[in-house]
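Colleague: Quick one: the structure is below, questions incoming.
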Amino acid sequence: MVFTTLADGISRGVETVSDTLTAPFSDQVIRLGVTGLSRAGKTVFITSFVANLLNRGRMPQFRAAATGAIQTAYLQPQPDDTIPRFNYESHLAALTGQTPHWPEGTRRISELRLSLKVQPTGLLGSFQGPRTVHIDIVDYPGEWLLDLALLDKDYATWSAEGLARMQGKPGAAGFEAALAACDPAQGFEEPQAQALAAAFTAHLNAAREAGFSDCTPGRFLLPGDLEGSPVLTFAPLPLVDRPARKSLWREFERRYDSYKRNIVRPFFKDHFARIDRQIVLVDVLGAIHAGPQAVEDMRHAMADILGAFRPGRNAFLTRLFQGRRIDRILFAATKADHLHHEQHPQLTAITEALLRDAKDRADFSGATTQAMSIASLRTTVEDTMPHEGAELGVVRGRLLDADKQAAFYPGALPVDPSHLLGPARAGAEAWLDADYEVMSFAPAGLTLKPGDGPPHIRLDKAAQFLLGDKL
Ligand SMILES: Nc1nc2c(ncn2[C@@H]2O[C@H](COP(=O)(O)OP(=O)(O)O)[C@@H](O)[C@H]2O)c(=O)[nH]1
Ligand SMILES: [Mg+2]
């Protein structure tokens with residue numbers, strides 16, 4: 001009974017398919033980019049965001065929904081035929097089905113068009129009929145944004161930085177062993193190149209797994225169809241003095257340049273430069289759990305990601321954007337349902353502080369940015385428990401591994417973000433006076449009222465920031 005409304009939203013979308021084909025060109029289109037590093041929560045976000053725009057009962061802070069200005073919402077065929085469609089229906093079925101589970105990870109770009117019929121409000125509004133606003137949601141890996149930094153770097157510089165950054169991280173020893181087995185100044189041989197690239201990729205994956213953010217080149221982690229191709233078969237090498245033409249070093253330099261030309265540039269040109277509004281999802285709690293080094297690494301990654309939103313800084317991007325820009329960027333700390341709401345302000349403050357550095361240096365030429373703590377799908381309920389003579393705010397949910405309910409307190413986040421970011425910046429190995437935990441909750445079984453989308457935290461505020469002024 002619950003799901004009838006959601007199913008309704010889907011079938012309604014199918015009925016109106018013919019609309020696109022006849023839709024006038026004057027319809028407003030907003031391209032909304034959704035990005036974040038792998039596992040940040042993009043798939044869950046888009047699924048729940050769309051479900052909550054189709055069924056707007058839980059969107060009180062999204063004004064156009066609350067006032068009834070949005071009359072209907074429906075899915076339509078997307079405008080780009082060559083980008084995979086975001087698999088909304090199966091992701092929603094995973095999250096809200098009989099045995100709810102998290103959707104499969106996706107590792108590529110995808111797109112979904114959601115169209116809204118909006119009745120204009122205000123003085124003139126009542127004289128006009130409703131207008132149609134298309135929201136084209138584009139899901140792409142945040143790792144691809146990090147690659148922007150490569151465009152300004154030649155192979156020697158990238159190698160030197162990469163080798164330095166690798167020190168002490170997971171998988172570094174394996175790569176160093178592979179490196180010791182070859183001489184970059186000597187003649188190039190494909191098996192050697194493959195062994196180096198494999199060890200390098202293993203390191204990137206292990207580092208990512210351990211909570212590190214800055215794991216470029218991004219396509220090494222998400223190779224898709226390019227797996228095994230020469231453009232992904234290179235690695236950083238120590239500098240060689242005047243390398244010979246057929247050396248390993250020269251060939252890797254060539255492949256690195258090819259990666260920039262054939263992978264990085266086309267992504268920015270074909271996808272990124274067309275985005276109007278952007279949400280960047282960040283698993284801040286996950287990084288805090290992984291430790292100070294992961295937090296510091298995330299701070300660097302955020303700075304690089306922010307760099308992509310500053311076209312003025314980069315000649316290539318300036319040319320692509322030709323004066324237009326992404327004018328609103330939301331940085332959302334995801335999975336906030338792991339925390340009792342009394343700790344949400346702390347999480348938001350930490351997210352803001354992670355960005356501040358980059359923001360202070362940045363010239364956003366007027367782009368509005370905001371930080372927020374959200375949960376795309378709320379898996380927990382709040383509770384309090386007595387603890388050492390006080391009441392502790394906890395959350396309760398169904399554990400992912402053991403199929404049972406548990407109460408969870410992840411640790412006290414400091415009110416002053418510098419208590420976390422300071423030690424992280426100073427290179428601390430572990431948090432001094434606190435331990436932060438993350439618990440994996442499974443999506444809860446849902447009984448939704450008609451007209452309600454799945455439960456969430458602040459998706460309505462996110463929608464208001466990202467779309468509100470355009471509706
Ligand atoms: N508790 C909770 N977990 C979430 C939420 N969003 C994502 N997750 C978890 O994070 C994982 C990765 O999310 P996903 O959307 O697949 O990440 P993506 O790689 O960025 O697309 C999921 O499998 C969930 O375990 C949320 O709102 N609440
Ligand atoms: Mg995904």
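Labels used: A, B, ... for chains in the order of the structure tokens, numbers from 1 for residues in each chain, and numbers from 1 for ligands as shown.
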Tell me, counting only C-alpha atoms and all ligand atoms, for each residue of chain A within 8 Å of ligand 2, which pair of atoms is nearest and how far apart they are in Å to one decimal, in rows ordered by chain and increasing number, as a tab-separated table.

Modeller:
```
residue	atom	partner	partner_atom_place_in_ligand_line	distance
A:Ser38	CA	ligand 2	1 (Mg)	7.0
A:Arg39	CA	ligand 2	1 (Mg)	6.9
A:Gly41	CA	ligand 2	1 (Mg)	6.7
A:Lys42	CA	ligand 2	1 (Mg)	5.1
A:Thr43	CA	ligand 2	1 (Mg)	4.1
A:Val44	CA	ligand 2	1 (Mg)	7.4
A:Glu104	CA	ligand 2	1 (Mg)	7.6
A:Gly105	CA	ligand 2	1 (Mg)	4.9
A:Thr106	CA	ligand 2	1 (Mg)	4.1
A:Arg107	CA	ligand 2	1 (Mg)	6.2
A:Arg108	CA	ligand 2	1 (Mg)	7.7
A:Asp139	CA	ligand 2	1 (Mg)	7.6
A:Pro141	CA	ligand 2	1 (Mg)	7.8
```

Colleague: Store the residues of this selection in a file with all heavy atoms, as a JSON list (two decimals), in the first residue's frame.

Modeller:
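The result, stored in part.json:
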```json
[["chain", "number", "residue", "atom", "x", "y", "z"],
["A", 38, "SER", "N", 33.79, 8.33, -4.71],
["A", 38, "SER", "CA", 33.15, 7.03, -4.66],
["A", 38, "SER", "C", 32.65, 6.73, -3.24],
["A", 38, "SER", "O", 33.36, 6.96, -2.27],
["A", 38, "SER", "CB", 34.18, 6.00, -5.10],
["A", 38, "SER", "OG", 33.71, 4.72, -4.87],
["A", 39, "ARG", "N", 31.43, 6.23, -3.12],
["A", 39, "ARG", "CA", 30.77, 5.89, -1.84],
["A", 39, "ARG", "C", 30.32, 7.10, -1.04],
["A", 39, "ARG", "O", 29.87, 6.96, 0.10],
["A", 39, "ARG", "CB", 31.68, 5.04, -0.93],
["A", 39, "ARG", "CG", 32.34, 3.86, -1.59],
["A", 39, "ARG", "CD", 31.39, 2.73, -1.91],
["A", 39, "ARG", "NE", 30.74, 2.17, -0.73],
["A", 39, "ARG", "CZ", 29.60, 1.50, -0.78],
["A", 39, "ARG", "NH1", 28.98, 1.33, -1.91],
["A", 39, "ARG", "NH2", 29.06, 1.01, 0.33],
["A", 41, "GLY", "N", 27.75, 8.82, -1.61],
["A", 41, "GLY", "CA", 26.29, 8.74, -1.49],
["A", 41, "GLY", "C", 25.53, 9.35, -2.66],
["A", 41, "GLY", "O", 24.38, 9.76, -2.50],
["A", 42, "LYS", "N", 26.12, 9.38, -3.83],
["A", 42, "LYS", "CA", 25.47, 10.01, -5.01],
["A", 42, "LYS", "C", 24.22, 9.25, -5.44],
["A", 42, "LYS", "O", 23.17, 9.84, -5.66],
["A", 42, "LYS", "CB", 26.45, 10.05, -6.19],
["A", 42, "LYS", "CG", 27.70, 10.88, -5.92],
["A", 42, "LYS", "CD", 28.63, 10.86, -7.12],
["A", 42, "LYS", "CE", 29.32, 9.53, -7.35],
["A", 42, "LYS", "NZ", 30.26, 9.13, -6.29],
["A", 43, "THR", "N", 24.36, 7.93, -5.57],
["A", 43, "THR", "CA", 23.24, 7.13, -6.07],
["A", 43, "THR", "C", 22.04, 7.23, -5.12],
["A", 43, "THR", "O", 20.91, 7.44, -5.54],
["A", 43, "THR", "CB", 23.67, 5.66, -6.22],
["A", 43, "THR", "OG1", 24.78, 5.62, -7.11],
["A", 43, "THR", "CG2", 22.55, 4.81, -6.77],
["A", 44, "VAL", "N", 22.31, 7.11, -3.83],
["A", 44, "VAL", "CA", 21.23, 7.18, -2.85],
["A", 44, "VAL", "C", 20.62, 8.59, -2.86],
["A", 44, "VAL", "O", 19.40, 8.76, -2.79],
["A", 44, "VAL", "CB", 21.74, 6.80, -1.44],
["A", 44, "VAL", "CG1", 20.63, 6.92, -0.41],
["A", 44, "VAL", "CG2", 22.30, 5.38, -1.44],
["A", 104, "GLU", "N", 23.43, -1.12, -5.71],
["A", 104, "GLU", "CA", 24.78, -1.43, -6.22],
["A", 104, "GLU", "C", 25.53, -0.14, -6.49],
["A", 104, "GLU", "O", 24.94, 0.84, -6.95],
["A", 104, "GLU", "CB", 24.66, -2.15, -7.55],
["A", 104, "GLU", "CG", 24.07, -3.54, -7.46],
["A", 104, "GLU", "CD", 25.15, -4.55, -7.15],
["A", 104, "GLU", "OE1", 26.19, -4.51, -7.83],
["A", 104, "GLU", "OE2", 24.95, -5.35, -6.23],
["A", 105, "GLY", "N", 26.84, -0.16, -6.26],
["A", 105, "GLY", "CA", 27.63, 1.01, -6.62],
["A", 105, "GLY", "C", 27.66, 1.17, -8.13],
["A", 105, "GLY", "O", 27.69, 0.19, -8.86],
["A", 106, "THR", "N", 27.62, 2.41, -8.59],
["A", 106, "THR", "CA", 27.77, 2.67, -10.03],
["A", 106, "THR", "C", 29.07, 3.41, -10.21],
["A", 106, "THR", "O", 29.49, 4.15, -9.35],
["A", 106, "THR", "CB", 26.64, 3.54, -10.58],
["A", 106, "THR", "OG1", 26.38, 4.57, -9.65],
["A", 106, "THR", "CG2", 25.40, 2.73, -10.82],
["A", 107, "ARG", "N", 29.68, 3.23, -11.37],
["A", 107, "ARG", "CA", 31.02, 3.77, -11.53],
["A", 107, "ARG", "C", 31.15, 4.54, -12.82],
["A", 107, "ARG", "O", 32.14, 4.46, -13.51],
["A", 107, "ARG", "CB", 32.06, 2.66, -11.46],
["A", 107, "ARG", "CG", 31.58, 1.42, -10.72],
["A", 107, "ARG", "CD", 32.74, 0.57, -10.31],
["A", 107, "ARG", "NE", 33.29, 1.00, -9.05],
["A", 107, "ARG", "CZ", 34.56, 0.87, -8.71],
["A", 107, "ARG", "NH1", 35.41, 0.36, -9.55],
["A", 107, "ARG", "NH2", 34.98, 1.31, -7.54],
["A", 108, "ARG", "N", 30.10, 5.24, -13.21],
["A", 108, "ARG", "CA", 30.20, 5.99, -14.46],
["A", 108, "ARG", "C", 29.21, 7.13, -14.42],
["A", 108, "ARG", "O", 28.41, 7.26, -13.51],
["A", 108, "ARG", "CB", 29.90, 5.06, -15.63],
["A", 108, "ARG", "CG", 28.57, 4.35, -15.44],
["A", 108, "ARG", "CD", 28.27, 3.39, -16.55],
["A", 108, "ARG", "NE", 26.87, 2.98, -16.45],
["A", 108, "ARG", "CZ", 26.26, 2.23, -17.35],
["A", 108, "ARG", "NH1", 26.91, 1.83, -18.41],
["A", 108, "ARG", "NH2", 25.00, 1.91, -17.21],
["A", 139, "ASP", "N", 24.91, 12.60, -12.82],
["A", 139, "ASP", "CA", 25.68, 11.95, -11.77],
["A", 139, "ASP", "C", 27.07, 11.63, -12.33],
["A", 139, "ASP", "O", 27.18, 10.92, -13.32],
["A", 139, "ASP", "CB", 24.92, 10.65, -11.40],
["A", 139, "ASP", "CG", 25.69, 9.70, -10.48],
["A", 139, "ASP", "OD1", 26.77, 10.09, -9.99],
["A", 139, "ASP", "OD2", 25.22, 8.57, -10.25],
["A", 141, "PRO", "N", 31.45, 10.88, -11.18],
["A", 141, "PRO", "CA", 32.38, 10.66, -10.07],
["A", 141, "PRO", "C", 33.21, 11.91, -9.74],
["A", 141, "PRO", "O", 33.74, 12.56, -10.64],
["A", 141, "PRO", "CB", 33.31, 9.55, -10.59],
["A", 141, "PRO", "CG", 32.59, 8.94, -11.74],
["A", 141, "PRO", "CD", 31.75, 10.01, -12.33]]
```

Colleague: May I have the residues within 8 Å of ligand 1, computed using only C-alpha atoms and all ligand atoms, as number ranges by chain?

Modeller: A: 35-46, 102-107, 141, 281, 334-338, 374-380, 440-443, 456-457

Colleague: Can you tell me which residues surround Ser110 of chain A at a distance of at most 6 Å, considering only C-alpha atoms, apart from same-chain residues fewer than 2 positions away, and format the answer as an mmCIF file with N, CA and C atoms, in the first residue's frame?

Modeller:
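The resulting result37.cif:
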```cif
data_model
loop_
_atom_site.group_PDB
_atom_site.id
_atom_site.type_symbol
_atom_site.label_atom_id
_atom_site.label_comp_id
_atom_site.auth_asym_id
_atom_site.auth_seq_id
_atom_site.Cartn_x
_atom_site.Cartn_y
_atom_site.Cartn_z
ATOM 1 N N ILE A 83 24.458 9.270 -23.049
ATOM 2 C CA ILE A 83 24.826 9.077 -21.645
ATOM 3 C C ILE A 83 23.879 8.037 -21.052
ATOM 4 N N PRO A 84 24.421 7.050 -20.295
ATOM 5 C CA PRO A 84 23.529 6.063 -19.681
ATOM 6 C C PRO A 84 22.475 6.750 -18.809
ATOM 7 N N ARG A 85 21.283 6.192 -18.792
ATOM 8 C CA ARG A 85 20.234 6.756 -17.947
ATOM 9 C C ARG A 85 20.474 6.328 -16.499
ATOM 10 N N PHE A 86 20.258 7.227 -15.576
ATOM 11 C CA PHE A 86 20.343 6.878 -14.158
ATOM 12 C C PHE A 86 19.211 5.893 -13.864
ATOM 13 N N VAL A 138 22.728 15.116 -13.475
ATOM 14 C CA VAL A 138 23.887 14.427 -14.033
ATOM 15 C C VAL A 138 24.762 13.917 -12.887
ATOM 16 N N ASP A 139 24.908 12.604 -12.824
ATOM 17 C CA ASP A 139 25.680 11.947 -11.769
ATOM 18 C C ASP A 139 27.068 11.627 -12.326
#
```

Colleague: Could you check the closest approach to Leu317 of chain A for each of A:Phe331, A:Phe252, A:Phe267, A:Trp158 and tell me which residue wins, using only C-alpha atoms?

Modeller: A:Phe267

Colleague: Just list as a VMD selection string whatever in segment 408-441 of chain A DSSP marks as alpha helix (DSSP H).

Modeller: chain A and resid 418 to 425

Colleague: Convert the current residue selection to file output with N, CA, C and O atoms, as a compact mmCIF listing (two decimals), in the first residue's frame.

Modeller:
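Written file, selection.txt:
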```txt
# COMPACT_ATOMS: atom_id res chain seq x y z
N SER A 418 38.45 23.26 14.56
CA SER A 418 39.91 23.23 14.55
C SER A 418 40.45 22.15 15.48
O SER A 418 41.60 21.72 15.34
N HIS A 419 39.61 21.69 16.42
CA HIS A 419 40.06 20.60 17.28
C HIS A 419 40.26 19.30 16.50
O HIS A 419 41.00 18.42 16.92
N LEU A 420 39.57 19.21 15.36
CA LEU A 420 39.81 18.06 14.47
C LEU A 420 40.81 18.41 13.37
O LEU A 420 41.73 17.67 13.08
N LEU A 421 40.59 19.57 12.76
CA LEU A 421 41.40 19.90 11.58
C LEU A 421 42.82 20.27 11.95
O LEU A 421 43.74 20.05 11.16
N GLY A 422 43.02 20.80 13.14
CA GLY A 422 44.36 21.17 13.60
C GLY A 422 45.29 19.96 13.64
O GLY A 422 46.31 19.94 12.96
N PRO A 423 44.94 18.94 14.44
CA PRO A 423 45.78 17.75 14.49
C PRO A 423 45.94 17.10 13.11
O PRO A 423 47.02 16.58 12.79
N ALA A 424 44.89 17.13 12.31
CA ALA A 424 44.96 16.53 10.97
C ALA A 424 46.03 17.24 10.16
O ALA A 424 46.87 16.63 9.51
N ARG A 425 46.01 18.58 10.24
CA ARG A 425 46.98 19.36 9.47
C ARG A 425 48.40 19.15 10.00
O ARG A 425 49.36 19.16 9.24
```

Colleague: Using only C-alpha atoms, pick whichever of A:Phe200, A:Phe234, A:Ala290, A:Pro266 has the shortest atom-to-atom distance to Ala177 of chain A.

Modeller: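 Selected residue with least distance to Ala177 of chain A: A:Phe200.
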
Colleague: What's around Leu196 of chain A at 9 Å? Count only C-alpha atoms, leave out sequence neighbours fewer than 4 positions away in its own chain, and write the answer as number ranges by chain.

Modeller: A: 175, 178-179, 182, 191-192, 200-201, 233-236

Colleague: So which bits of segment 189-327 of chain A end up strand (DSSP E) when you DSSP the backbone, as a ChimeraX atom specification?

Modeller: /A:277-282

Colleague: For the residues selected in the previous step, produce a file with all heavy atoms as a PDB file, in the first residue's frame.

Modeller:
```pdb
ATOM      1  N   ARG A 277      23.948  24.055 -11.819  1.00  0.00           N
ATOM      2  CA  ARG A 277      23.950  23.987 -10.369  1.00  0.00           C
ATOM      3  C   ARG A 277      24.649  22.703  -9.955  1.00  0.00           C
ATOM      4  O   ARG A 277      24.549  21.691 -10.653  1.00  0.00           O
ATOM      5  CB  ARG A 277      22.499  23.960  -9.837  1.00  0.00           C
ATOM      6  CG  ARG A 277      21.699  25.214 -10.205  1.00  0.00           C
ATOM      7  CD  ARG A 277      22.058  26.303  -9.258  1.00  0.00           C
ATOM      8  NE  ARG A 277      21.759  27.632  -9.738  1.00  0.00           N
ATOM      9  CZ  ARG A 277      20.692  28.342  -9.408  1.00  0.00           C
ATOM     10  NH1 ARG A 277      19.775  27.807  -8.640  1.00  0.00           N
ATOM     11  NH2 ARG A 277      20.555  29.569  -9.845  1.00  0.00           N
ATOM     12  N   GLN A 278      25.306  22.741  -8.794  1.00  0.00           N
ATOM     13  CA  GLN A 278      26.117  21.585  -8.424  1.00  0.00           C
ATOM     14  C   GLN A 278      25.936  21.239  -6.953  1.00  0.00           C
ATOM     15  O   GLN A 278      25.947  22.130  -6.105  1.00  0.00           O
ATOM     16  CB  GLN A 278      27.593  21.890  -8.678  1.00  0.00           C
ATOM     17  CG  GLN A 278      28.544  20.785  -8.300  1.00  0.00           C
ATOM     18  CD  GLN A 278      28.434  19.580  -9.214  1.00  0.00           C
ATOM     19  OE1 GLN A 278      28.521  19.705 -10.436  1.00  0.00           O
ATOM     20  NE2 GLN A 278      28.222  18.410  -8.636  1.00  0.00           N
ATOM     21  N   ILE A 279      25.766  19.963  -6.675  1.00  0.00           N
ATOM     22  CA  ILE A 279      25.882  19.507  -5.288  1.00  0.00           C
ATOM     23  C   ILE A 279      27.087  18.580  -5.190  1.00  0.00           C
ATOM     24  O   ILE A 279      27.273  17.700  -6.033  1.00  0.00           O
ATOM     25  CB  ILE A 279      24.590  18.827  -4.760  1.00  0.00           C
ATOM     26  CG1 ILE A 279      24.786  18.333  -3.321  1.00  0.00           C
ATOM     27  CG2 ILE A 279      24.114  17.711  -5.660  1.00  0.00           C
ATOM     28  CD1 ILE A 279      23.503  17.948  -2.603  1.00  0.00           C
ATOM     29  N   VAL A 280      27.940  18.831  -4.211  1.00  0.00           N
ATOM     30  CA  VAL A 280      29.119  17.994  -3.956  1.00  0.00           C
ATOM     31  C   VAL A 280      28.856  17.242  -2.654  1.00  0.00           C
ATOM     32  O   VAL A 280      28.719  17.860  -1.595  1.00  0.00           O
ATOM     33  CB  VAL A 280      30.399  18.843  -3.828  1.00  0.00           C
ATOM     34  CG1 VAL A 280      31.613  17.945  -3.595  1.00  0.00           C
ATOM     35  CG2 VAL A 280      30.602  19.715  -5.061  1.00  0.00           C
ATOM     36  N   LEU A 281      28.750  15.931  -2.743  1.00  0.00           N
ATOM     37  CA  LEU A 281      28.478  15.125  -1.551  1.00  0.00           C
ATOM     38  C   LEU A 281      29.799  14.702  -0.926  1.00  0.00           C
ATOM     39  O   LEU A 281      30.721  14.279  -1.629  1.00  0.00           O
ATOM     40  CB  LEU A 281      27.655  13.897  -1.928  1.00  0.00           C
ATOM     41  CG  LEU A 281      26.310  14.212  -2.586  1.00  0.00           C
ATOM     42  CD1 LEU A 281      25.660  12.951  -3.118  1.00  0.00           C
ATOM     43  CD2 LEU A 281      25.377  14.908  -1.609  1.00  0.00           C
ATOM     44  N   VAL A 282      29.888  14.827   0.380  1.00  0.00           N
ATOM     45  CA  VAL A 282      31.148  14.529   1.055  1.00  0.00           C
ATOM     46  C   VAL A 282      30.871  13.638   2.260  1.00  0.00           C
ATOM     47  O   VAL A 282      30.053  13.982   3.113  1.00  0.00           O
ATOM     48  CB  VAL A 282      31.826  15.829   1.561  1.00  0.00           C
ATOM     49  CG1 VAL A 282      33.299  15.587   1.808  1.00  0.00           C
ATOM     50  CG2 VAL A 282      31.644  16.972   0.586  1.00  0.00           C
TER      51      VAL A 282
END
```
